[in-house]
Amino acid sequence: KLNPSWGREDAAYKTGFILKLLNRNGIQPEEVIEVGCGAGGILEILARENAIFKLKGYDISPQAIVLANKINSAKINFYEEDILQNDNYHTNLLLVIDVFEHVKDYYSMLGQLRNKSDCFIFHIPLDLSWRTILKPHVLLQQREGVGHIHYFSKEMAEWMLKDSGYSIIDWEYSASLSDRGLDVSLKGKIKKILRKLSYAINKNISVKLWGGYSMMILAK
């Protein structure tokens, strides 16, 4: 009810980072599976890449799959199914974009996904920052507004993947939609200027200070 678009407005931005990581590391998958695909916006954009011949999206939400099925094509198919319950899946590239923060036992999920693909791309929001620790109501907004029940820092995301047997190949920071959008208030404009300035000086410290970023991670 609170997010009827299932994040389709952010799909192009996230897909840009996915393609950047794939191109930079010379990875050309013939098949891509997305777990927790939502309305299918990312796969729709990937379908335009001629090098990717087959795309599949899985989600346990019937509402999401109804929306995704509107963009079914010869290259994309969507399924209302929990891929974790079937051991017969294996693909070249598995996408898990903004999922772990919603799942009760994300370590169990990572273990079940481990043998389902040659490569993985994870997108993990970095909700923990100096700002959110000092202002926990910001975390509460994430919890109530978009359903985040876990909160990560850069290091925690890396530890989680390494603990589960994954090797990180490459990664990039990505900004949230709210941080990329326009803010007409004077206070909002000043905050954006300060954030951009600190990010230009030192990305890691800026992300820890302000928050509002995620990690797009390529792993094996």
# chains A, B, ... in the order shown; residues from 1 in each chain; ligands from 1
$ select_by_dssp --residues "region 13-219 of chain A" --states "helix (DSSP H, G or I)" --output "PyMOL selection string"
chain A and resi 13-24+41-46+62-71+83-85+100-102+106-113+130-134+137-146+154-163+177-180+186-201+203-210
$ atom_distance --atom1 "CA of Ile18 (chain A)" --atom2 "CA of Leu93 (chain A)"
10.9 Å
$ atom_distance --atom1 "CA of Val146 (chain A)" --atom2 "CA of Arg195 (chain A)"
23.0 Å
$ closest_residue --among "A:Gly188, A:Gly41, A:Gly212, A:Gly165" --to "Leu139 (chain A)" --atoms "only C-alpha atoms"
A:Gly212
$ closest_residue --among "A:Leu110, A:Ala74, A:Leu2, A:Met215" --to "Gln142 (chain A)" --atoms "only C-alpha atoms"
A:Leu2
$ closest_residue --among "A:Ile52, A:Ile124, A:Ile169, A:Ile205" --to "Ala219 (chain A)" --atoms "only C-alpha atoms"
A:Ile169
$ residues_around --residues "Gly7 (chain A)" --least-positions-apart "5" --cutoff "12 Å" --atoms "only C-alpha atoms" --output "compact mmCIF listing (two decimals) with N, CA, C and O atoms, in the first residue's frame"
# COMPACT_ATOMS: atom_id res chain seq x y z
N LEU A 2 1.97 1.22 0.74
CA LEU A 2 2.82 2.41 0.84
C LEU A 2 3.75 2.56 -0.36
O LEU A 2 4.25 3.65 -0.62
N ALA A 12 16.14 2.10 -13.36
CA ALA A 12 17.15 2.49 -14.35
C ALA A 12 18.47 2.85 -13.67
O ALA A 12 19.55 2.49 -14.14
N TYR A 13 18.37 3.57 -12.56
CA TYR A 13 19.58 3.98 -11.82
C TYR A 13 20.33 2.75 -11.32
O TYR A 13 21.55 2.64 -11.49
N LYS A 14 19.63 1.80 -10.71
CA LYS A 14 20.28 0.60 -10.18
C LYS A 14 20.84 -0.26 -11.30
O LYS A 14 21.95 -0.80 -11.18
N GLY A 36 13.41 -11.85 -5.75
CA GLY A 36 12.75 -10.67 -5.21
C GLY A 36 12.69 -9.58 -6.26
O GLY A 36 13.06 -8.43 -6.02
N CYS A 37 12.18 -9.93 -7.43
CA CYS A 37 12.22 -9.03 -8.60
C CYS A 37 11.21 -7.90 -8.54
O CYS A 37 11.30 -6.95 -9.32
N GLY A 38 10.23 -7.97 -7.61
CA GLY A 38 9.22 -6.92 -7.55
C GLY A 38 8.46 -6.80 -8.86
O GLY A 38 8.04 -7.80 -9.45
N ALA A 39 8.31 -5.58 -9.36
CA ALA A 39 7.56 -5.33 -10.58
C ALA A 39 8.39 -5.55 -11.84
O ALA A 39 7.90 -5.33 -12.96
N GLY A 40 9.64 -5.96 -11.70
CA GLY A 40 10.44 -6.37 -12.85
C GLY A 40 11.16 -5.27 -13.59
O GLY A 40 11.64 -5.49 -14.70
N GLY A 41 11.27 -4.09 -13.00
CA GLY A 41 11.86 -2.96 -13.70
C GLY A 41 13.31 -3.18 -14.12
O GLY A 41 13.71 -2.80 -15.22
N ILE A 42 14.09 -3.80 -13.26
CA ILE A 42 15.51 -4.02 -13.58
C ILE A 42 15.65 -5.01 -14.74
O ILE A 42 16.42 -4.77 -15.68
N ALA A 64 3.20 -8.16 -6.82
CA ALA A 64 4.37 -7.79 -7.62
C ALA A 64 4.37 -8.53 -8.95
O ALA A 64 4.65 -7.93 -10.01
N LEU A 67 2.08 -7.12 -11.63
CA LEU A 67 2.68 -5.97 -12.32
C LEU A 67 3.79 -6.41 -13.27
O LEU A 67 3.89 -5.92 -14.40
N ALA A 68 4.62 -7.35 -12.82
CA ALA A 68 5.74 -7.80 -13.65
C ALA A 68 5.28 -8.49 -14.91
O ALA A 68 5.88 -8.34 -15.98
N ILE A 97 18.56 -7.71 -5.24
CA ILE A 97 18.59 -6.26 -5.15
C ILE A 97 17.61 -5.77 -4.08
O ILE A 97 16.40 -5.92 -4.22
N ASP A 98 18.16 -5.22 -2.99
CA ASP A 98 17.35 -4.69 -1.89
C ASP A 98 16.39 -5.73 -1.32
O ASP A 98 15.18 -5.52 -1.26
N VAL A 146 9.37 1.48 4.29
CA VAL A 146 9.74 0.52 3.24
C VAL A 146 10.06 -0.86 3.80
O VAL A 146 10.55 -1.74 3.08
N SER A 176 20.53 6.89 -2.60
CA SER A 176 19.10 6.63 -2.56
C SER A 176 18.36 7.61 -3.45
O SER A 176 18.87 8.68 -3.80
N LEU A 177 17.14 7.25 -3.84
CA LEU A 177 16.33 8.12 -4.69
C LEU A 177 16.07 9.46 -4.03
O LEU A 177 16.12 10.51 -4.68
$ closest_residue --among "A:Gly16, A:Pro62, A:Gly26, A:Pro125" --to "Leu46 (chain A)" --atoms "only C-alpha atoms"
A:Gly16
$ residues_around --residues "Ser167 (chain A)" --least-positions-apart "2" --cutoff "10 Å" --atoms "only C-alpha atoms" --output "count of residues only"
13
$ closest_residue --among "A:Ala47, A:Ile33, A:Ile121, A:Leu140" --to "Tyr89 (chain A)" --atoms "only C-alpha atoms"
A:Ile33
$ residues_around --residues "Ser174 (chain A)" --least-positions-apart "4" --cutoff "7 Å" --atoms "only C-alpha atoms" --output "PyMOL selection string"
chain A and resi 213-216
$ write_last_selection --atoms "all heavy atoms" --output "tab-separated table (two decimals), in the first residue's frame"
chain	number	residue	atom	x	y	z
A	213	TYR	N	23.11	5.92	1.39
A	213	TYR	CA	23.77	5.21	0.31
A	213	TYR	C	23.55	3.71	0.44
A	213	TYR	O	23.17	3.21	1.50
A	213	TYR	CB	25.27	5.50	0.29
A	213	TYR	CG	25.61	6.90	-0.18
A	213	TYR	CD1	25.62	7.96	0.72
A	213	TYR	CD2	25.89	7.15	-1.51
A	213	TYR	CE1	25.93	9.24	0.30
A	213	TYR	CE2	26.19	8.44	-1.94
A	213	TYR	CZ	26.21	9.48	-1.03
A	213	TYR	OH	26.49	10.75	-1.46
A	214	SER	N	23.81	3.01	-0.65
A	214	SER	CA	23.78	1.55	-0.67
A	214	SER	C	25.06	1.05	-1.32
A	214	SER	O	25.82	1.84	-1.89
A	214	SER	CB	22.57	1.04	-1.46
A	214	SER	OG	21.36	1.46	-0.87
A	215	MET	N	25.28	-0.27	-1.25
A	215	MET	CA	26.40	-0.90	-1.96
A	215	MET	C	25.87	-1.82	-3.04
A	215	MET	O	25.00	-2.66	-2.75
A	215	MET	CB	27.28	-1.71	-1.02
A	215	MET	CG	28.16	-0.92	-0.09
A	215	MET	SD	29.17	-2.00	0.95
A	215	MET	CE	30.46	-2.50	-0.21
A	216	MET	N	26.36	-1.67	-4.25
A	216	MET	CA	26.10	-2.64	-5.31
A	216	MET	C	27.35	-3.50	-5.41
A	216	MET	O	28.44	-3.02	-5.71
A	216	MET	CB	25.84	-1.93	-6.65
A	216	MET	CG	25.32	-2.85	-7.74
A	216	MET	SD	23.59	-3.38	-7.50
A	216	MET	CE	22.70	-1.90	-8.03
$ residues_around --residues "His148 (chain A)" --least-positions-apart "4" --cutoff "6 Å" --atoms "only C-alpha atoms" --output "number ranges by chain"
A: 101-102, 142-143
$ atom_distance --atom1 "CA of Gln141 (chain A)" --atom2 "CA of Lys203 (chain A)"
24.4 Å
$ residues_around --residues "Leu43 (chain A)" --least-positions-apart "6" --cutoff "12 Å" --atoms "only C-alpha atoms" --output "number ranges by chain"
A: 8, 11-12, 14-16, 18-19, 31-37, 49, 52-58, 68-69, 71-73, 75-78, 94-97
$ select_by_dssp --residues "region 48-219 of chain A" --states "strand (DSSP E or B)" --output "ChimeraX atom specification"
/A:54-59,76-80,91-97,117-126,168-175,213-219
